[in-house]
Structure formats: structure tokens, C-alpha cells
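The file final.cif contains mmCIF, C-alpha atoms:
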data_work
loop_
_atom_site.label_atom_id
_atom_site.label_comp_id
_atom_site.auth_asym_id
_atom_site.auth_seq_id
_atom_site.Cartn_x
_atom_site.Cartn_y
_atom_site.Cartn_z
CA MET G 1310 32.26 11.47 -2.68
CA PHE G 1311 29.35 9.42 -4.11
CA ALA G 1312 28.14 6.24 -2.45
CA ILE G 1313 27.90 3.14 -4.58
CA ILE G 1314 24.38 1.74 -4.48
CA PRO G 1315 24.25 -2.07 -4.61
CA LEU G 1316 22.66 -3.37 -7.81
CA GLU G 1317 19.96 -5.28 -5.92
CA ILE G 1318 18.82 -2.14 -4.09
CA GLU G 1319 18.83 -0.14 -7.32
CA GLU G 1320 16.71 -2.78 -9.06
CA ARG G 1321 14.20 -2.79 -6.20
CA PHE G 1322 14.07 1.00 -6.37
CA GLN G 1323 13.38 0.93 -10.10
CA GLN G 1324 10.68 -1.68 -9.61
CA ARG G 1325 9.06 0.54 -6.97
CA ILE G 1326 9.06 3.50 -9.38
CA ILE G 1327 7.42 1.35 -12.07
CA PHE G 1328 4.82 0.10 -9.59
CA MET G 1329 3.92 3.62 -8.48
CA SER G 1330 3.63 4.91 -12.05
CA HIS G 1331 1.40 1.97 -13.02
CA GLU G 1332 -0.58 1.75 -9.80
CA GLU G 1333 -3.87 2.96 -11.31
CA PHE G 1334 -3.65 0.10 -13.83
CA LEU G 1335 -3.57 -2.45 -11.01
CA LYS G 1336 -6.69 -1.28 -9.17
CA PRO G 1337 -10.21 -2.59 -9.78
CA GLY G 1338 -12.65 -0.38 -11.67
CA ARG G 1339 -16.37 -0.17 -12.31
CA PHE G 1340 -16.03 -2.24 -15.50
CA VAL G 1341 -12.52 -3.66 -15.14
CA ASP G 1342 -13.86 -5.19 -11.93
CA SER G 1343 -10.87 -7.25 -10.90
CA ASN G 1344 -12.26 -7.46 -7.35
CA HIS G 1345 -15.31 -9.48 -8.47
CA PRO G 1346 -15.23 -13.08 -7.15
CA ALA G 1347 -16.13 -14.56 -10.56
CA VAL G 1348 -13.31 -12.66 -12.26
CA ILE G 1349 -10.81 -13.64 -9.56
CA GLU G 1350 -11.76 -17.30 -9.94
CA TYR G 1351 -11.57 -17.05 -13.73
CA ALA G 1352 -8.15 -15.36 -13.62
CA ASN G 1353 -6.72 -18.02 -11.33
CA GLU G 1354 -8.20 -20.94 -13.27
CA ASN G 1355 -6.98 -19.77 -16.66
CA ILE G 1356 -3.29 -19.14 -16.04
CA GLY G 1357 -2.76 -22.89 -16.13
CA ASP G 1358 0.66 -23.87 -14.78
CA ALA G 1359 2.27 -20.56 -15.82
CA GLU G 1360 4.69 -19.02 -13.34
CA SER G 1361 6.11 -16.02 -15.19
CA ASP G 1362 4.06 -12.90 -15.98
CA HIS G 1363 4.69 -13.50 -19.66
CA ASP G 1364 3.25 -17.01 -19.61
CA LYS G 1365 0.28 -15.95 -17.49
CA VAL G 1366 -0.58 -13.21 -20.00
CA ILE G 1367 -0.36 -15.62 -22.93
CA ASN G 1368 -2.58 -18.22 -21.26
CA LEU G 1369 -5.14 -15.59 -20.29
CA TYR G 1370 -5.19 -14.16 -23.81
CA TYR G 1371 -6.06 -17.46 -25.47
CA ALA G 1372 -8.57 -18.39 -22.75
CA ILE G 1373 -10.46 -15.14 -23.31
CA ARG G 1374 -10.07 -15.07 -27.08
CA ASP G 1375 -11.50 -18.54 -27.64
CA GLY G 1376 -13.40 -19.23 -24.43
CA ILE G 1377 -15.61 -16.14 -24.30
CA TYR G 1378 -18.15 -16.19 -27.14
CA TYR G 1379 -17.96 -13.06 -29.31
CA ASP G 1380 -21.39 -11.40 -29.46
CA PRO G 1381 -21.78 -8.00 -31.19
CA TYR G 1382 -25.55 -8.01 -30.62
CA MET G 1383 -25.43 -7.19 -26.93
CA PRO G 1384 -27.42 -4.09 -25.87
CA ILE G 1385 -24.73 -1.43 -25.77
CA SER G 1386 -26.90 0.97 -23.75
CA ASP G 1387 -26.70 -1.51 -20.85
CA PRO G 1388 -23.63 -1.07 -18.59
CA ALA G 1389 -23.58 -4.84 -18.00
CA SER G 1390 -22.55 -5.28 -21.64
CA TYR G 1391 -19.24 -3.57 -20.85
CA ARG G 1392 -18.26 -5.29 -17.60
CA ALA G 1393 -15.55 -7.93 -17.21
CA SER G 1394 -17.51 -9.91 -14.61
CA ASP G 1395 -20.56 -10.11 -16.87
CA ALA G 1396 -18.38 -11.58 -19.64
CA VAL G 1397 -17.31 -14.31 -17.21
CA ILE G 1398 -20.81 -14.96 -15.87
CA THR G 1399 -22.50 -15.09 -19.29
CA GLN G 1400 -19.45 -16.49 -21.13
CA ARG G 1401 -20.05 -13.98 -23.95
CA GLY G 1402 -19.14 -10.44 -24.85
CA TRP G 1403 -18.15 -8.08 -27.65
CA CYS G 1404 -14.68 -6.57 -27.90
CA VAL G 1405 -15.15 -4.10 -25.01
CA PRO G 1406 -15.92 -6.53 -22.14
CA LYS G 1407 -13.44 -9.09 -23.50
CA ALA G 1408 -10.64 -6.51 -23.37
CA ALA G 1409 -11.86 -5.37 -19.95
CA LEU G 1410 -11.70 -8.98 -18.77
CA MET G 1411 -8.16 -9.31 -20.07
CA ALA G 1412 -7.15 -6.18 -18.16
CA ALA G 1413 -8.91 -7.37 -15.00
CA CYS G 1414 -7.24 -10.79 -15.08
CA CYS G 1415 -3.82 -9.24 -15.55
CA ARG G 1416 -4.39 -6.89 -12.63
CA ILE G 1417 -5.37 -9.78 -10.39
CA HIS G 1418 -1.94 -11.27 -11.04
CA GLY G 1419 -0.15 -7.99 -10.38
CA ILE G 1420 0.41 -7.20 -14.05
CA PRO G 1421 -0.50 -3.61 -15.02
CA ALA G 1422 -3.09 -3.51 -17.81
CA ARG G 1423 -5.58 -1.05 -19.30
CA PRO G 1424 -8.26 -1.10 -22.00
CA GLY G 1425 -7.53 0.82 -25.20
CA TYR G 1426 -9.67 1.76 -28.18
CA ALA G 1427 -9.58 2.63 -31.85
CA ASP G 1428 -12.04 3.19 -34.70
CA VAL G 1429 -11.81 0.63 -37.50
CA LYS G 1430 -13.31 0.01 -40.92
CA ASN G 1431 -14.15 -3.31 -42.60
CA HIS G 1432 -14.57 -4.95 -39.22
CA LEU G 1433 -15.43 -8.65 -39.06
CA THR G 1434 -19.18 -8.48 -39.69
CA SER G 1435 -22.24 -9.67 -41.63
CA SER G 1436 -24.67 -7.94 -43.98
CA ARG G 1437 -27.35 -8.04 -41.27
CA LEU G 1438 -25.10 -6.34 -38.70
CA LEU G 1439 -24.06 -3.70 -41.23
CA GLU G 1440 -27.71 -2.99 -41.97
CA LEU G 1441 -28.45 -2.56 -38.28
CA LEU G 1442 -25.48 -0.25 -37.81
CA GLY G 1443 -26.01 1.79 -40.96
CA THR G 1444 -22.23 2.10 -41.53
CA ASP G 1445 -19.08 -0.01 -41.88
CA VAL G 1446 -17.20 2.11 -39.33
CA PHE G 1447 -16.85 0.45 -35.93
CA VAL G 1448 -16.03 2.95 -33.21
CA TRP G 1449 -14.27 2.21 -29.93
CA HIS G 1450 -13.02 -1.22 -31.05
CA SER G 1451 -11.24 -2.42 -27.93
CA TYR G 1452 -7.87 -3.97 -27.19
CA CYS G 1453 -5.93 -4.49 -23.96
CA ASP G 1454 -2.63 -2.73 -23.28
CA ILE G 1455 -0.46 -4.84 -20.95
CA TYR G 1456 2.83 -4.06 -19.19
CA VAL G 1457 4.86 -7.24 -19.61
CA ASN G 1458 8.51 -7.93 -20.42
CA ASP G 1459 9.32 -4.34 -19.37
CA ASN G 1460 7.14 -2.90 -22.11
CA TRP G 1461 3.55 -1.94 -22.93
CA VAL G 1462 2.18 -4.32 -25.54
CA LYS G 1463 -1.30 -4.46 -27.09
CA ALA G 1464 -3.46 -7.59 -27.36
CA THR G 1465 -6.93 -7.98 -28.91
CA PRO G 1466 -8.76 -11.08 -27.62
CA ALA G 1467 -12.06 -10.18 -29.32
CA PHE G 1468 -12.60 -12.70 -32.12
CA THR G 1469 -12.55 -16.43 -31.42
CA LYS G 1470 -10.67 -18.80 -33.71
CA ALA G 1471 -13.98 -20.48 -34.58
CA LEU G 1472 -15.46 -17.17 -35.75
CA CYS G 1473 -12.33 -16.26 -37.71
CA ASP G 1474 -12.45 -19.61 -39.49
CA LYS G 1475 -16.03 -18.94 -40.55
CA PHE G 1476 -15.05 -15.55 -41.97
CA LYS G 1477 -11.87 -16.98 -43.57
CA LEU G 1478 -9.57 -14.86 -41.42
CA HIS G 1479 -6.38 -15.75 -39.61
CA PRO G 1480 -7.06 -15.51 -35.86
CA LEU G 1481 -4.99 -12.92 -34.04
CA GLU G 1482 -2.02 -14.55 -32.32
CA PHE G 1483 -0.21 -12.93 -29.41
CA ASP G 1484 3.34 -13.60 -28.21
CA GLY G 1485 3.63 -11.05 -25.40
CA PHE G 1486 6.32 -9.08 -27.20
CA GLU G 1487 4.68 -7.59 -30.30
CA ASP G 1488 1.39 -5.71 -30.61
CA SER G 1489 -1.51 -7.85 -31.85
CA LEU G 1490 -4.17 -5.40 -32.95
CA PHE G 1491 -6.21 -6.18 -36.04
CA HIS G 1492 -6.78 -8.47 -39.01
CA GLU G 1493 -5.04 -6.48 -41.73
CA PHE G 1494 -5.48 -9.27 -44.31
CA ASP G 1495 -7.79 -12.25 -44.78
CA GLN G 1496 -6.63 -15.82 -45.46
CA GLU G 1497 -6.33 -15.01 -49.18
CA GLY G 1498 -4.06 -12.06 -48.51
CA LYS G 1499 -6.74 -9.47 -49.33
CA LYS G 1500 -6.93 -6.24 -47.33
CA HIS G 1501 -9.48 -6.70 -44.55
CA MET G 1502 -9.39 -4.23 -41.65
CA GLN G 1503 -8.21 -0.64 -41.51
CA TYR G 1504 -7.54 1.43 -38.39
CA LEU G 1505 -8.98 4.94 -38.70
CA GLN G 1506 -8.33 6.56 -35.34
CA ASP G 1507 -6.65 5.61 -32.07
CA ARG G 1508 -8.71 6.79 -29.08
CA GLY G 1509 -6.04 5.91 -26.53
CA THR G 1510 -6.00 3.92 -23.30
CA PHE G 1511 -7.97 4.36 -20.08
CA ALA G 1512 -7.79 3.09 -16.50
CA ASP G 1513 -11.37 1.85 -16.86
CA VAL G 1514 -13.92 1.44 -19.65
CA PRO G 1515 -15.21 4.93 -20.64
CA PHE G 1516 -18.82 3.76 -20.84
CA GLU G 1517 -20.43 7.19 -21.22
CA LYS G 1518 -18.01 8.25 -23.99
CA ILE G 1519 -18.54 5.03 -25.95
CA LEU G 1520 -22.31 5.20 -25.65
CA GLU G 1521 -22.40 8.87 -26.68
CA THR G 1522 -20.38 8.14 -29.84
CA CYS G 1523 -22.48 5.10 -30.72
CA ARG G 1524 -25.76 6.97 -30.28
CA GLY G 1525 -24.53 9.64 -32.67
CA LEU G 1526 -23.50 7.14 -35.35
CA TYR G 1527 -25.60 3.97 -35.19
CA LYS G 1528 -29.29 3.26 -35.66
CA PRO G 1529 -31.54 3.24 -32.54
CA GLU G 1530 -32.51 -0.41 -33.07
CA TYR G 1531 -28.86 -1.42 -32.71
CA ILE G 1532 -28.35 0.71 -29.61
CA ALA G 1533 -31.33 -0.94 -27.93
CA GLY G 1534 -29.94 -4.41 -28.61
CA ALA G 1535 -30.92 -6.68 -31.48
CA SER G 1536 -30.76 -10.44 -31.25
CA GLY G 1537 -28.54 -12.23 -33.73
CA ASP G 1538 -25.86 -14.84 -34.22
CA LEU G 1539 -22.80 -13.61 -36.08
CA TYR G 1540 -21.43 -17.16 -36.33
CA ALA G 1541 -24.53 -18.26 -38.28
CA GLU G 1542 -24.44 -15.10 -40.39
CA ALA G 1543 -20.86 -15.59 -41.60
CA GLY G 1544 -20.63 -15.17 -45.35
CA THR G 1545 -23.95 -13.35 -45.65
#

Spell out the structure here as C-alpha cells.
Amino acid sequence: MFAIIPLEIEERFQQRIIFMSHEEFLKPGRFVDSNHPAVIEYANENIGDAESDHDKVINLYYAIRDGIYYDPYMPISDPASYRASDAVITQRGWCVPKAALMAACCRIHGIPARPGYADVKNHLTSSRLLELLGTDVFVWHSYCDIYVNDNWVKATPAFTKALCDKFKLHPLEFDGFEDSLFHEFDQEGKKHMQYLQDRGTFADVPFEKILETCRGLYKPEYIAGASGDLYAEAGT
């Protein structure tokens, strides 16, 4: 004879299984440094009055998307250019630290999250940046994979609304239910960005892997870090 397990106990059991399977995506990392005081303060300040995990994720997404200045000219050979806490302290970052910050903030609020990556073409850029890179392929473009509403969903808080407006692109919106990955079309409906390869998700930023790929593809002057202002270069 089988015992009938009360629904409440069964739900708690299922929640425990989910927690254990996602535990590595709740811990702080070297780059997703959710134990850093500046990141903790940032995560708590930017949830607003949200109470549900869903609303917290949405508020964090827009805070990071528009509040952290997008800067593709950071020295990518420097580990600090990849770290969530450095994005908070400097209030700037490229896609990698912005996605790491999103993951870190989610983890602080008990929401499993992990950085993910893909290679893209026709990335939001300028002629000067393309010249520095030597290619229009952008490797390891980063998003954040978040476990919310009983599902893994992807969010990309890289490009601010102000920058998108300058490049005549619709900013990426995020509702917590559907993946928000890339600008497939510009404001005129023309094809803009193409995903070439998904590199998967990681518990922490794979700094060495990213740097190795970039060194094999991009010019040395870009790797070392070149000053620039993509906002001023829009349209060039």
C-alpha cells in the first residue's frame, strides 16, 4: 500500500531538488562576484519595490541595461574588465561584465543565474571599432541565463537605450518569460544582427577561454585596450 504524500510536502521536495540542481548558479564566482559589497548594495538598491522573483529580475535587467554605460573599448586582457563588481564601481562595461552583473544580482536574491555566450555578426559597432578589430565577427557576446517562472530564460542587458537610439535600433526589451537575445532588425526593419554560434552557459565567466579566442582573432591594439567613445562614433 502506497502512502499519500501531502501536496505541500511534495512541493517543498521538488523545490529542494531544483535548489540542489541549480546550487552552483547561486554561489559567488571570481567574476560573478555576488559576495562583493558593492554588488550586494547595487542588487538591493535596484530591485525597487519588487517582491516576486519575476519583478526583481525585470527591475535589475533595466537598471543594468540603461544604468551601466556600454563600453567596448575596455582592455580585454585585464581581468577587471570582466568582473561584475568592476562594472558597478566604474559604472561601465561591455557585454561580458554587464551579463556577469546581472547573474550576480540574481544570485544575491536567491535566483539561479549564469552567464552565456554566442558569436555574432553585424554587432552594434562603428567603423573605428571595426578597423581596430579587423573583422565584423564578435566572439563571446554575452547574455545572462536566469531561472525564473520555473524556466531558464535568456536576457541581454548589454546595450543601453541611449546607444540603441543613436544607432537607430530598437532596444532589447525583456519580460521574464521569453528569451531576449539580439537585435535581429533595426528600426527600419532591415536585418541587423546574426547569431553564428552558441558557446553555451557557464557558472562563471570563462576569462581564459574568451581571451584566447580574442587574441587569435582580433588585432593586438584592440586586445591591449584602445580608448574610444562608441556613443560619439554612432553613424560613422

(request) Tell me, as a ChimeraX atom specification, which residues lie within 9 Å of Trp1403 (chain G), counting all atoms listed in the file; anything in the same chain fewer than 5 positions away does not count. (result) /G:1378-1383,1390-1391,1396,1408,1451,1467-1468

(message) Going by the chain IDs and residue numbers used in this file, which residues fall under the PyMOL selection byres ((chain G and resi 1465) around 6)? Write them as a PyMOL selection string.
(response) chain G and resi 1452+1464+1466-1467+1490

(message) Nearest residue to Ile1385 (chain G) out of G:Pro1406, G:Trp1461, G:Ala1412, G:Lys1470, using only C-alpha atoms?
(response)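 Among the listed residues, G:Pro1406 lies closest to Ile1385 (chain G).
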
(request) Kindly indicate which residue among G:His1450, G:Lys1528, G:Lys1518, G:Lys1475 lies nearest to Gln1506 (chain G), using only C-alpha atoms for the distances. (result) G:His1450

(request) Starting from the shown file, work through the PyMOL selection byres ((chain G and resi 1539) around 10) and note down what comes out as a PyMOL selection string. (result) chain G and resi 1379-1382+1433-1438+1472+1475-1476+1536-1538+1540-1545

I need the chosen residues saved as an mmCIF file, in the coordinates of the input, with C-alpha atoms.
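As written to disk, result_3.cif reads:
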data_model
loop_
_atom_site.group_PDB
_atom_site.id
_atom_site.type_symbol
_atom_site.label_atom_id
_atom_site.label_comp_id
_atom_site.auth_asym_id
_atom_site.auth_seq_id
_atom_site.Cartn_x
_atom_site.Cartn_y
_atom_site.Cartn_z
ATOM 1 C CA TYR G 1379 -17.960 -13.060 -29.310
ATOM 2 C CA ASP G 1380 -21.390 -11.400 -29.460
ATOM 3 C CA PRO G 1381 -21.780 -8.000 -31.190
ATOM 4 C CA TYR G 1382 -25.550 -8.010 -30.620
ATOM 5 C CA LEU G 1433 -15.430 -8.650 -39.060
ATOM 6 C CA THR G 1434 -19.180 -8.480 -39.690
ATOM 7 C CA SER G 1435 -22.240 -9.670 -41.630
ATOM 8 C CA SER G 1436 -24.670 -7.940 -43.980
ATOM 9 C CA ARG G 1437 -27.350 -8.040 -41.270
ATOM 10 C CA LEU G 1438 -25.100 -6.340 -38.700
ATOM 11 C CA LEU G 1472 -15.460 -17.170 -35.750
ATOM 12 C CA LYS G 1475 -16.030 -18.940 -40.550
ATOM 13 C CA PHE G 1476 -15.050 -15.550 -41.970
ATOM 14 C CA SER G 1536 -30.760 -10.440 -31.250
ATOM 15 C CA GLY G 1537 -28.540 -12.230 -33.730
ATOM 16 C CA ASP G 1538 -25.860 -14.840 -34.220
ATOM 17 C CA TYR G 1540 -21.430 -17.160 -36.330
ATOM 18 C CA ALA G 1541 -24.530 -18.260 -38.280
ATOM 19 C CA GLU G 1542 -24.440 -15.100 -40.390
ATOM 20 C CA ALA G 1543 -20.860 -15.590 -41.600
ATOM 21 C CA GLY G 1544 -20.630 -15.170 -45.350
ATOM 22 C CA THR G 1545 -23.950 -13.350 -45.650
#
